[in-house]
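**Student:** Input: one structure, supplied below.
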Amino acid sequence: MSISLSSEDMNNLSCRDTLLQLVCRGTVIIGQLKIFSNKVPPIFLFAEQAAMSDCRDVERTSKQHLWGWFGDSANSEVIKENGVTKDDMKFIPLLFDFSYLVSPEKHEQSRLDDNSGSISALDGEFSAMYKSILSNFYLLFENIYMHQYYLNSFITSLKEGFFIHSAVESILLEKGENGNGVLFCECIHLYGVMLLLLEDFFPGKTRERLLIAYLRHATFREKESNREKSLSNFEGICKLCRCVNATQISTTGKQSSEKHENETQLFARFPLPSDVIKSVIGAILSDDLYNRSTAFPNFDHRSTRLANQASMLYVILYFEPLTLSEEMGTMRQVVDKFFSDNWIISMYMGMVVDLSVEWASYEAAKTALENVVQLVHVKQLNSSNWNLIAECMIELRCHLATGTLTDLYVLDNSFKLLNCIRRCNVAIRWRLMHRCTTNDSFLRIIRPPSDKVLSPSAPPDATKAGEQKSTIITIILFSSQLEMKLKEVYGNLLATKAYKWKEYKSDAMGKMAELSDYYTGKQALTKVIRNEGLVSWFKDMGDEIGSLSYKEVYAAVTGRKIQHCIKALEDVEQFEVIDCNFHVKSFLCEVRDLLMQMVRIVGVKDEIVHTLKAMTDMSYGWEICKEYSNAIHARVQANPTTVTLLRGFFFKLETILDAPYRRMGLSCNFSKISLVKEYYQSNLLSVVTNILDIIPTSIFHILSQITAINSEMMRKLPSEIDVDSIKEFSQPDGRFELAKLTYRVSIFAEGLLDLDNVKIGDISLNPRHLLCDGLKGELYCLISEVLSQAVNFPLSQDVSDDVLVSIRKDVIKHFTALAKRVDRMQVALEYIQDFIGILGLKMWSDALSRIIHQSLNHEVKKYGERIEWSTKLKQDHDTSFSTDQATTNSVTFLGKIVNILLRLTDPQITIHSRECMGWFLDDGTEMCGKAMFSLLLKSIGVFGLSSLQHLISFRILFELKRFSKYYSGTVNQSAVLLEYIRDGLFPEWKTPEGAASFYARAVSNTERFALPVMTCLRRLGQLQLLRKMIREELWHSSQLESNISSVLLTFDKALLDGIKSAFHTSSHGSIPKENKPIIRDISQILSSNGVGDPLSTIFILSGPLEGLPELLLVFVVSNLSKLSFDTDFGSLVRLNKKFPIDGW
């Protein structure tokens, strides 16, 4: 974690290399501060709030007493907000502030007096949980301490003259973005930012507790030498991190009025030389350090040009608090130059500060700012900004008109285009920044409260909040689109500059040669009298053009030569012989245009790209841009063409990364640069993906509209249509609506897929994956909701026939509706899949399969089992399932379907007929049959029906385990009785003597086992018959749709032969381990196609259950007389309705 830069390394570096190392180091440390700001263990933050709630004895209280203090409803909310659990609360007595360093023995006394060892055990548990994170925080604080040490060492060496030819004054004179003067100012600025973020992210007492916890736990088991090495800077780190003011944080966690005093004290702990700070302030005040005059030359844009210096000055002034408090003249100069028209600035990477609040405690700064930032002035600035936005919008619409931004247009209007971008960025920056003001009076002017959101075409001088956001989004999107196109055009021009120069010059020379030949009078079809003067003049002009060179050293001379050539070509037109010849004049005009393009193309330089980069910088919007995601979503939904503008917007957002990347790229010796880069990239990528999430959501919303139109307005076309019915089936209104919706979908897809070349740092966006993942997420939610709703109806527990018939009607109704809805959604996906470049039906199949897979896993958990599936079905989306009071044992729709089937096929009420393939009531009313399973197949598909079969199999397995346990524990106790029955039946081929009395005694003696055995057999039989019906439905479906039944049967036979062979050849009598996954996957395929006999499935392997055949024989003998064969059903039926079992 540590960023290594030793003193020896410092001594071996030149002045510039040292500055580069310090700037890079500071940038990385600030990135680490941001990373770890969200990783503070909640218990440390809660202890901070507890201490501020006058719970100052929290470290010495017991766990029960703690919950007496913190257990009320108010504090429970605090605990909940901070993510603190009851288990975490036990660690509070182990968290000490710096008072521990005064008397460590006193704080450790309770642990030493603990004879039970509970406190030591708690210490060990705490150390195991937090040792690693405590080490990281300590190294972070050490990095900050060492940065100030290296910075002070550098300044000392600089002042003492150890850097030959370098001094503070000479360094500050080296301007430019990578000049030593800028690097030196940034070193101090980054150190100040570290201190401010340290105070904001890690409150004082939190820092103290983290350090003491590290001291007590992270170094406890280290060797003495290692301990001394790791704690070598502990004293200085404690000085840096010591709490400034014990009352700095209120119980709500908000900053108190002492914040500014705390910051002043924090900066004073390791101060920088005052004379150096004043020199730096003077350089910032007097010079344009970044040389951005070319980007913002207009005086009105001065605050934007000097924005980076203003941010540095704001932070560096904390090193000179007397200037902020007492030096009125200096602060007037500061405010007049940097803050005359803006009081909201970005301190660093989008961290916005309001100077009217931050300088409220400094008299001189406050007075100077109030002289400028007054209510009347704010109204004037707000009005001027809206007027500027209105003007920019007009220009942007002109420049962005289709076919306008050609290479020639850009070359001819370069100044206008750059000025338009410049003005747009100035207007956007002011508006975005000052909407963040915390002054209520200013806020009502700049950001009036309103919930009204108008269309993107709202007038730019809007005053409502909703209108403002819409207009701001519009100008950002339009300007970013222009910026992107200009960068592409200029990049192309720079790449083809030499080629275009030669092309234009060659064309101009060719035309001069043609004119020279023309006046010889020798060309065919010409009646021109030979003119030696013009022949010679045009030939010489061609030679003059041919001598032009675009190289940099000849650029000034070349420009003047071209100017003279253009003037000469204008003058030659005055000759009568040329003036009266329209053809020659058009030739001369074309040559002048070519010469002008040569001037324009030679004027395109790399500096233009750098200027564009400086103008379009949006690093100030790191945090602000997140606020506008919802506004962009609303605009995209209202106008899909907005999607085509997002590419330019994302290119603009990428400029946010330029500032930290540029400085981290100056030196690559630090191991944690990649970690910080990844943090910035991932944060920006989350903003981008959040914006893009609206696209699949909108597409899916349109998909639901298409589904509704197909089901409500469109009639299915028959195979044959009468001529008279063509108009009726044409349905123009419905098809027009479908066409409009399809066009909207295609716009969404086109805009998203246009993002192929967009990169966020080193990460390339994959728009196709984003689209597919978004659609899958929406599809998962929809399918889950539809399936849950389809089976979410109550099941009455009444066992009467009428109730069962009513349940069947409800089931048929719901399953029919589900099948229709599923079919409509599949048709809609198939309809739009070609327009957005996806495999809609495959996506549907994957989504349905994964949801069913997850549903099956949820159901199987209650049986204590786990399912092994192929990697294709590994779950990557979570789906929630609704529960129903009527089916409390079922969590998901799959379990509810099984409960419904079990209710409709209850063997105590229904009769199963193998011949009729279904379950019936006594009067012949069908309860469940082939039609029901066909309907299920249409509703949940092959995978759903196959998973239903798997779930029933797990239920059978559960019942068999229960019976095996019952048999082993209860029936085996009557082994003597079962042995007596076996002996009476021997030999098996002969009828026992006194069979009637023998069977009667056997039935009587085993009567206590009859009910458990009947219950088990009834459940197993019902479940097995359901499996058989499902398997037959799958087999019939496979025969009709896939036509691979013969292949599957052959493959099944070959697979079984292979398994048998493996058993015979294996020394252990088992299948090789590497073949088991293949067999499992193939078994799933065979099962999904209905191959195999479910009645011959092996569910469980166990030892022999002694006496089970005899017990089953007695059970059959005792119940056979209660059944009779029914010729209508082709099955055994009960003679008495109250008999609780079916013949099957």
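Residues are named by chain letter and number: chains run A, B, ... in the order of the structure tokens, numbers start at 1 in each chain, and ligands are numbered from 1 in the order shown.
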Would you mind listing what lies within 8 Å of stretch 756-768 of chain A as a list in words, with only C-alpha atoms counted and same-chain residues fewer than 2 positions away left out?

**Tutor:**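 Listing them by chain and then by number gives Arg647, Phe650, Phe651, Glu654, Leu657, Gln681, Leu684, Leu685, Leu752, Leu753, Asp754, Leu770, Leu771 and Cys772 of chain A.
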
**Student:** Would you export the selected residues with N, CA, C and O atoms as a PDB file, in the first residue's frame, please?

**Tutor:**
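The result, written out as selection_15.pdb:
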```
ATOM      1  N   ARG A 647     -22.730   9.946 -27.235  1.00  0.00           N
ATOM      2  CA  ARG A 647     -21.329   9.614 -27.524  1.00  0.00           C
ATOM      3  C   ARG A 647     -20.430  10.828 -27.275  1.00  0.00           C
ATOM      4  O   ARG A 647     -19.372  10.719 -26.638  1.00  0.00           O
ATOM      5  N   PHE A 650     -20.111  11.518 -23.522  1.00  0.00           N
ATOM      6  CA  PHE A 650     -19.189  10.632 -22.816  1.00  0.00           C
ATOM      7  C   PHE A 650     -17.737  10.989 -23.119  1.00  0.00           C
ATOM      8  O   PHE A 650     -16.867  10.863 -22.245  1.00  0.00           O
ATOM      9  N   PHE A 651     -17.467  11.430 -24.352  1.00  0.00           N
ATOM     10  CA  PHE A 651     -16.119  11.906 -24.651  1.00  0.00           C
ATOM     11  C   PHE A 651     -15.776  13.124 -23.799  1.00  0.00           C
ATOM     12  O   PHE A 651     -14.635  13.296 -23.368  1.00  0.00           O
ATOM     13  N   GLU A 654     -14.981  12.064 -20.292  1.00  0.00           N
ATOM     14  CA  GLU A 654     -13.668  11.428 -20.173  1.00  0.00           C
ATOM     15  C   GLU A 654     -12.576  12.441 -19.873  1.00  0.00           C
ATOM     16  O   GLU A 654     -11.538  12.094 -19.294  1.00  0.00           O
ATOM     17  N   LEU A 657     -10.880  12.653 -16.414  1.00  0.00           N
ATOM     18  CA  LEU A 657      -9.730  11.828 -16.022  1.00  0.00           C
ATOM     19  C   LEU A 657      -8.403  12.435 -16.431  1.00  0.00           C
ATOM     20  O   LEU A 657      -7.351  11.955 -15.985  1.00  0.00           O
ATOM     21  N   GLN A 681     -11.561   5.407 -12.947  1.00  0.00           N
ATOM     22  CA  GLN A 681     -12.238   4.830 -14.104  1.00  0.00           C
ATOM     23  C   GLN A 681     -13.560   4.180 -13.705  1.00  0.00           C
ATOM     24  O   GLN A 681     -14.581   4.371 -14.364  1.00  0.00           O
ATOM     25  N   LEU A 684     -16.265   6.797 -12.886  1.00  0.00           N
ATOM     26  CA  LEU A 684     -16.802   7.453 -14.070  1.00  0.00           C
ATOM     27  C   LEU A 684     -17.608   6.457 -14.911  1.00  0.00           C
ATOM     28  O   LEU A 684     -18.645   6.805 -15.485  1.00  0.00           O
ATOM     29  N   LEU A 685     -17.141   5.223 -14.962  1.00  0.00           N
ATOM     30  CA  LEU A 685     -17.866   4.198 -15.713  1.00  0.00           C
ATOM     31  C   LEU A 685     -19.237   3.947 -15.103  1.00  0.00           C
ATOM     32  O   LEU A 685     -20.216   3.695 -15.824  1.00  0.00           O
ATOM     33  N   LEU A 752     -26.998   3.523 -29.173  1.00  0.00           N
ATOM     34  CA  LEU A 752     -26.189   2.765 -28.225  1.00  0.00           C
ATOM     35  C   LEU A 752     -25.025   2.071 -28.923  1.00  0.00           C
ATOM     36  O   LEU A 752     -23.883   2.092 -28.444  1.00  0.00           O
ATOM     37  N   LEU A 753     -25.300   1.473 -30.071  1.00  0.00           N
ATOM     38  CA  LEU A 753     -24.238   0.760 -30.779  1.00  0.00           C
ATOM     39  C   LEU A 753     -23.218   1.717 -31.392  1.00  0.00           C
ATOM     40  O   LEU A 753     -22.120   1.295 -31.773  1.00  0.00           O
ATOM     41  N   ASP A 754     -23.561   3.006 -31.461  1.00  0.00           N
ATOM     42  CA  ASP A 754     -22.621   4.004 -31.965  1.00  0.00           C
ATOM     43  C   ASP A 754     -21.520   4.303 -30.952  1.00  0.00           C
ATOM     44  O   ASP A 754     -20.578   5.028 -31.243  1.00  0.00           O
ATOM     45  N   LEU A 770     -23.829  -3.991 -22.982  1.00  0.00           N
ATOM     46  CA  LEU A 770     -24.675  -3.154 -22.138  1.00  0.00           C
ATOM     47  C   LEU A 770     -26.143  -3.307 -22.516  1.00  0.00           C
ATOM     48  O   LEU A 770     -27.018  -3.415 -21.645  1.00  0.00           O
ATOM     49  N   LEU A 771     -26.419  -3.316 -23.825  1.00  0.00           N
ATOM     50  CA  LEU A 771     -27.797  -3.463 -24.290  1.00  0.00           C
ATOM     51  C   LEU A 771     -28.350  -4.827 -23.899  1.00  0.00           C
ATOM     52  O   LEU A 771     -29.463  -4.929 -23.357  1.00  0.00           O
ATOM     53  N   CYS A 772     -27.583  -5.866 -24.168  1.00  0.00           N
ATOM     54  CA  CYS A 772     -28.065  -7.225 -23.865  1.00  0.00           C
ATOM     55  C   CYS A 772     -28.245  -7.421 -22.359  1.00  0.00           C
ATOM     56  O   CYS A 772     -29.259  -7.985 -21.926  1.00  0.00           O
TER      57      CYS A 772
END
```

**Student:** Find the spatial neighbours of stretch 1031-1041 of chain A, counting only C-alpha atoms, within a cut-off of 7 Å - ignore same-chain residues fewer than 4 positions away - and output them as a list in words.

**Tutor:** Phe933, Ser934, Arg1027, Ser1045, Ser1088, Asn1089, Gly1090 and Val1091 of chain A

**Student:** How about saving the chosen residues, C-alpha atoms kept, as a PDB file, in the first residue's frame?

**Tutor:**
```pdb
ATOM      1  CA  PHE A 933     -49.555 -30.582 -19.145  1.00  0.00           C
ATOM      2  CA  SER A 934     -49.715 -29.268 -22.727  1.00  0.00           C
ATOM      3  CA  ARG A1027     -43.407 -37.585 -13.366  1.00  0.00           C
ATOM      4  CA  SER A1045     -36.253 -39.082 -30.855  1.00  0.00           C
ATOM      5  CA  SER A1088     -35.689 -32.703 -21.132  1.00  0.00           C
ATOM      6  CA  ASN A1089     -36.661 -34.726 -24.204  1.00  0.00           C
ATOM      7  CA  GLY A1090     -38.655 -37.298 -22.224  1.00  0.00           C
ATOM      8  CA  VAL A1091     -36.301 -40.200 -22.865  1.00  0.00           C
TER       9      VAL A1091
END
```

**Student:** What's the separation between atom CA of A:Met598 and atom CA of A:Asp412, in Å to one decimal place?

**Tutor:**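 Value for the atom CA of A:Met598-atom CA of A:Asp412 distance: 11.2 Å.
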
**Student:** So how many Å separate atom CA of A:Arg962 and atom CA of A:Glu1007, to one decimal?

**Tutor:**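 Separation of atom CA of A:Arg962 and atom CA of A:Glu1007: 19.6 Å.
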
**Student:** Which residues are close to stretch 499-514 of chain A, i.e. within 8 Å by only C-alpha atoms, leaving aside same-chain residues fewer than 3 positions away? Reply as an mmCIF file with N, CA and C atoms, in the first residue's frame.

**Tutor:**
```cif
data_model
loop_
_atom_site.group_PDB
_atom_site.id
_atom_site.type_symbol
_atom_site.label_atom_id
_atom_site.label_comp_id
_atom_site.auth_asym_id
_atom_site.auth_seq_id
_atom_site.Cartn_x
_atom_site.Cartn_y
_atom_site.Cartn_z
ATOM 1 N N THR A 496 -3.876 14.096 -42.427
ATOM 2 C CA THR A 496 -3.809 14.158 -43.902
ATOM 3 C C THR A 496 -3.324 15.519 -44.389
ATOM 4 N N ASP A 517 -2.197 26.570 -71.668
ATOM 5 C CA ASP A 517 -2.430 25.865 -72.943
ATOM 6 C C ASP A 517 -3.616 26.456 -73.691
ATOM 7 N N TYR A 518 -4.609 26.901 -72.911
ATOM 8 C CA TYR A 518 -5.818 27.443 -73.526
ATOM 9 C C TYR A 518 -5.492 28.656 -74.401
ATOM 10 N N PHE A 538 0.507 32.669 -67.039
ATOM 11 C CA PHE A 538 -0.113 31.530 -66.361
ATOM 12 C C PHE A 538 0.912 30.429 -66.101
ATOM 13 N N LYS A 539 1.909 30.291 -67.039
ATOM 14 C CA LYS A 539 2.933 29.281 -66.802
ATOM 15 C C LYS A 539 3.813 29.668 -65.617
ATOM 16 N N MET A 541 2.884 31.590 -63.150
ATOM 17 C CA MET A 541 2.071 31.485 -61.940
ATOM 18 C C MET A 541 2.008 30.024 -61.463
ATOM 19 N N GLY A 542 1.907 29.108 -62.398
ATOM 20 C CA GLY A 542 1.928 27.692 -62.026
ATOM 21 C C GLY A 542 3.242 27.299 -61.385
ATOM 22 N N ASP A 543 4.355 27.823 -61.939
ATOM 23 C CA ASP A 543 5.657 27.533 -61.337
ATOM 24 C C ASP A 543 5.767 28.138 -59.938
ATOM 25 N N ILE A 545 3.294 28.669 -57.843
ATOM 26 C CA ILE A 545 2.503 27.829 -56.928
ATOM 27 C C ILE A 545 3.255 26.541 -56.623
ATOM 28 N N GLY A 546 3.924 25.988 -57.619
ATOM 29 C CA GLY A 546 4.673 24.760 -57.411
ATOM 30 C C GLY A 546 5.836 24.927 -56.466
ATOM 31 N N TYR A 550 4.959 23.839 -47.372
ATOM 32 C CA TYR A 550 4.149 23.970 -46.155
ATOM 33 C C TYR A 550 4.971 23.705 -44.884
ATOM 34 N N PHE A 587 -12.400 29.361 -63.681
ATOM 35 C CA PHE A 587 -11.150 28.656 -63.424
ATOM 36 C C PHE A 587 -10.301 29.429 -62.408
ATOM 37 N N VAL A 591 -9.044 28.396 -58.616
ATOM 38 C CA VAL A 591 -7.638 28.404 -58.194
ATOM 39 C C VAL A 591 -7.479 29.218 -56.917
ATOM 40 N N LEU A 594 -8.601 27.154 -54.065
ATOM 41 C CA LEU A 594 -7.605 26.144 -53.719
ATOM 42 C C LEU A 594 -6.449 26.748 -52.936
ATOM 43 N N LEU A 595 -6.017 27.955 -53.343
ATOM 44 C CA LEU A 595 -4.943 28.631 -52.612
ATOM 45 C C LEU A 595 -5.373 28.985 -51.187
ATOM 46 N N GLN A 597 -7.563 27.302 -49.438
ATOM 47 C CA GLN A 597 -7.563 26.045 -48.676
ATOM 48 C C GLN A 597 -6.145 25.653 -48.288
ATOM 49 N N MET A 598 -5.181 25.982 -49.143
ATOM 50 C CA MET A 598 -3.789 25.707 -48.793
ATOM 51 C C MET A 598 -3.370 26.529 -47.587
ATOM 52 N N ILE A 601 -5.127 24.909 -44.569
ATOM 53 C CA ILE A 601 -4.590 23.610 -44.152
ATOM 54 C C ILE A 601 -3.221 23.753 -43.528
ATOM 55 N N VAL A 602 -2.415 24.689 -44.008
ATOM 56 C CA VAL A 602 -1.099 24.877 -43.416
ATOM 57 C C VAL A 602 -1.206 25.528 -42.043
#
```

**Student:** Tell me which protein, DNA and RNA residues are within 10 Å of stretch 165-175 of chain A, counting only C-alpha atoms, leaving out same-chain ones fewer than 6 positions away, and put them as a list in words.

**Tutor:**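 Residues near the query, excluding close chain neighbours: Ser14, Cys15, Arg16, Ile155, Ser157, Leu158, Lys159, Gly181, Val182, Leu183, Phe184, Cys185, Asp275, Val276, Ser279, Val280, Gly282, Ala283, Ile284, Asp287, Asp288, Leu289, Tyr290 and Asn291 of chain A.
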
**Student:** Residues near A:Leu1011, anyone? I mean within 12 Å using only C-alpha atoms, not counting same-chain ones fewer than 5 positions away, as a VMD selection string.

**Tutor:** chain A and resid 1006 1016 to 1018 1115 1118 to 1119 1139 to 1141

**Student:** Between atom CA of A:Leu94 and atom CA of A:Tyr138, measure the distance and give it in Å to one decimal.

**Tutor:**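 Separation of atom CA of A:Leu94 and atom CA of A:Tyr138: 17.7 Å.
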
**Student:** I'd like the contact shell of A:Trp622 - 9 Å cut-off, only C-alpha atoms, skipping same-chain residues fewer than 3 positions apart - returned as a VMD selection string.

**Tutor:** chain A and resid 349 to 351 618 to 619 625 to 626 653 656 684

**Student:** The selected residues should be written to file as a PDB file, in the first residue's frame (atoms: all heavy atoms).

**Tutor:**
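Saved the output as part-v9.pdb:
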```pdb
ATOM      1  N   MET A 349     -10.781  18.130  -8.542  1.00  0.00           N
ATOM      2  CA  MET A 349     -11.525  17.024  -9.128  1.00  0.00           C
ATOM      3  C   MET A 349     -13.013  17.055  -8.752  1.00  0.00           C
ATOM      4  O   MET A 349     -13.584  16.089  -8.273  1.00  0.00           O
ATOM      5  CB  MET A 349     -10.916  15.698  -8.690  1.00  0.00           C
ATOM      6  CG  MET A 349      -9.622  15.363  -9.392  1.00  0.00           C
ATOM      7  SD  MET A 349      -9.867  15.034 -11.148  1.00  0.00           S
ATOM      8  CE  MET A 349     -10.810  13.542 -11.093  1.00  0.00           C
ATOM      9  N   GLY A 350     -13.643  18.225  -8.980  1.00  0.00           N
ATOM     10  CA  GLY A 350     -15.079  18.317  -8.795  1.00  0.00           C
ATOM     11  C   GLY A 350     -15.550  18.497  -7.371  1.00  0.00           C
ATOM     12  O   GLY A 350     -16.766  18.482  -7.128  1.00  0.00           O
ATOM     13  N   MET A 351     -14.634  18.662  -6.407  1.00  0.00           N
ATOM     14  CA  MET A 351     -15.045  18.916  -5.016  1.00  0.00           C
ATOM     15  C   MET A 351     -15.372  20.400  -4.885  1.00  0.00           C
ATOM     16  O   MET A 351     -14.483  21.245  -4.792  1.00  0.00           O
ATOM     17  CB  MET A 351     -13.937  18.496  -4.051  1.00  0.00           C
ATOM     18  CG  MET A 351     -13.764  16.989  -3.971  1.00  0.00           C
ATOM     19  SD  MET A 351     -12.408  16.467  -2.927  1.00  0.00           S
ATOM     20  CE  MET A 351     -11.019  16.617  -4.043  1.00  0.00           C
ATOM     21  N   MET A 618     -13.650  19.273 -18.296  1.00  0.00           N
ATOM     22  CA  MET A 618     -14.822  19.197 -17.414  1.00  0.00           C
ATOM     23  C   MET A 618     -14.476  18.535 -16.086  1.00  0.00           C
ATOM     24  O   MET A 618     -15.321  17.904 -15.455  1.00  0.00           O
ATOM     25  CB  MET A 618     -15.945  18.427 -18.100  1.00  0.00           C
ATOM     26  CG  MET A 618     -17.323  18.771 -17.550  1.00  0.00           C
ATOM     27  SD  MET A 618     -18.645  17.928 -18.422  1.00  0.00           S
ATOM     28  CE  MET A 618     -20.063  18.543 -17.492  1.00  0.00           C
ATOM     29  N   SER A 619     -13.243  18.670 -15.655  1.00  0.00           N
ATOM     30  CA  SER A 619     -12.847  18.051 -14.388  1.00  0.00           C
ATOM     31  C   SER A 619     -13.619  18.642 -13.213  1.00  0.00           C
ATOM     32  O   SER A 619     -13.761  17.984 -12.180  1.00  0.00           O
ATOM     33  CB  SER A 619     -11.342  18.232 -14.175  1.00  0.00           C
ATOM     34  OG  SER A 619     -10.983  19.604 -14.205  1.00  0.00           O
ATOM     35  N   CYS A 625     -22.029  16.161 -12.310  1.00  0.00           N
ATOM     36  CA  CYS A 625     -22.688  15.490 -13.434  1.00  0.00           C
ATOM     37  C   CYS A 625     -23.618  14.380 -12.971  1.00  0.00           C
ATOM     38  O   CYS A 625     -24.569  14.025 -13.679  1.00  0.00           O
ATOM     39  CB  CYS A 625     -21.649  14.948 -14.414  1.00  0.00           C
ATOM     40  SG  CYS A 625     -20.555  13.687 -13.714  1.00  0.00           S
ATOM     41  N   LYS A 626     -23.373  13.809 -11.789  1.00  0.00           N
ATOM     42  CA  LYS A 626     -24.238  12.740 -11.290  1.00  0.00           C
ATOM     43  C   LYS A 626     -25.657  13.236 -11.031  1.00  0.00           C
ATOM     44  O   LYS A 626     -26.612  12.468 -11.092  1.00  0.00           O
ATOM     45  CB  LYS A 626     -23.654  12.151 -10.005  1.00  0.00           C
ATOM     46  CG  LYS A 626     -22.273  11.540 -10.192  1.00  0.00           C
ATOM     47  CD  LYS A 626     -21.690  11.073  -8.870  1.00  0.00           C
ATOM     48  CE  LYS A 626     -20.271  10.540  -9.050  1.00  0.00           C
ATOM     49  NZ  LYS A 626     -19.659  10.128  -7.769  1.00  0.00           N
ATOM     50  N   LEU A 653     -17.089  13.733 -20.793  1.00  0.00           N
ATOM     51  CA  LEU A 653     -16.901  13.256 -19.424  1.00  0.00           C
ATOM     52  C   LEU A 653     -15.513  12.645 -19.235  1.00  0.00           C
ATOM     53  O   LEU A 653     -14.941  12.714 -18.142  1.00  0.00           O
ATOM     54  CB  LEU A 653     -17.964  12.219 -19.071  1.00  0.00           C
ATOM     55  CG  LEU A 653     -19.393  12.727 -18.811  1.00  0.00           C
ATOM     56  CD1 LEU A 653     -20.300  11.570 -18.435  1.00  0.00           C
ATOM     57  CD2 LEU A 653     -19.409  13.776 -17.709  1.00  0.00           C
ATOM     58  N   ILE A 656     -12.588  14.420 -17.610  1.00  0.00           N
ATOM     59  CA  ILE A 656     -12.451  14.478 -16.153  1.00  0.00           C
ATOM     60  C   ILE A 656     -11.210  13.726 -15.700  1.00  0.00           C
ATOM     61  O   ILE A 656     -10.541  14.113 -14.733  1.00  0.00           O
ATOM     62  CB  ILE A 656     -13.719  13.901 -15.483  1.00  0.00           C
ATOM     63  CG1 ILE A 656     -14.932  14.806 -15.765  1.00  0.00           C
ATOM     64  CG2 ILE A 656     -13.527  13.735 -13.985  1.00  0.00           C
ATOM     65  CD1 ILE A 656     -16.244  14.246 -15.259  1.00  0.00           C
ATOM     66  N   LEU A 684     -16.265   6.797 -12.886  1.00  0.00           N
ATOM     67  CA  LEU A 684     -16.802   7.453 -14.070  1.00  0.00           C
ATOM     68  C   LEU A 684     -17.608   6.457 -14.911  1.00  0.00           C
ATOM     69  O   LEU A 684     -18.645   6.805 -15.485  1.00  0.00           O
ATOM     70  CB  LEU A 684     -15.662   8.051 -14.897  1.00  0.00           C
ATOM     71  CG  LEU A 684     -16.083   8.951 -16.068  1.00  0.00           C
ATOM     72  CD1 LEU A 684     -16.972  10.086 -15.595  1.00  0.00           C
ATOM     73  CD2 LEU A 684     -14.862   9.508 -16.781  1.00  0.00           C
TER      74      LEU A 684
END
```

**Student:** Determine which residues of stretch 919-1140 of chain A receive a DSSP assignment of strand (DSSP E), computed from the backbone, and state them as a compact mmCIF listing (two decimals) with C-alpha atoms, in the first residue's frame.

**Tutor:**
```txt
# COMPACT_ATOMS: atom_id res chain seq x y z
CA TRP A 919 -57.04 -37.94 -13.10
CA PHE A 920 -60.84 -37.92 -12.80
CA GLU A 926 -61.36 -34.64 -15.65
CA MET A 927 -59.23 -32.86 -13.05
CA CYS A 928 -55.81 -33.10 -14.64
CA GLY A 929 -54.73 -34.67 -17.89
CA LEU A 1123 -60.91 -51.85 -4.68
CA SER A 1124 -62.67 -53.00 -7.83
CA PHE A 1125 -61.80 -52.81 -11.52
CA ASP A 1126 -63.67 -50.12 -13.48
CA SER A 1131 -58.23 -48.92 -13.46
CA LEU A 1132 -58.86 -50.08 -9.91
CA VAL A 1133 -61.23 -47.72 -8.12
CA ARG A 1134 -62.23 -47.48 -4.46
```

**Student:** Counting only C-alpha atoms, which of A:Val528, A:Val791, A:Met843, A:Cys781 gets nearest to A:Leu901?

**Tutor:**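 Among the listed residues, the smallest separation from A:Leu901 belongs to A:Val791.
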
**Student:** Under the rule that only C-alpha atoms are counted, which of A:Ser441, A:Ser303, A:Asn143, A:Ser99 is the nearest residue to A:Val28?

**Tutor:**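 Of the candidates, the smallest distance to A:Val28 is held by A:Asn143.
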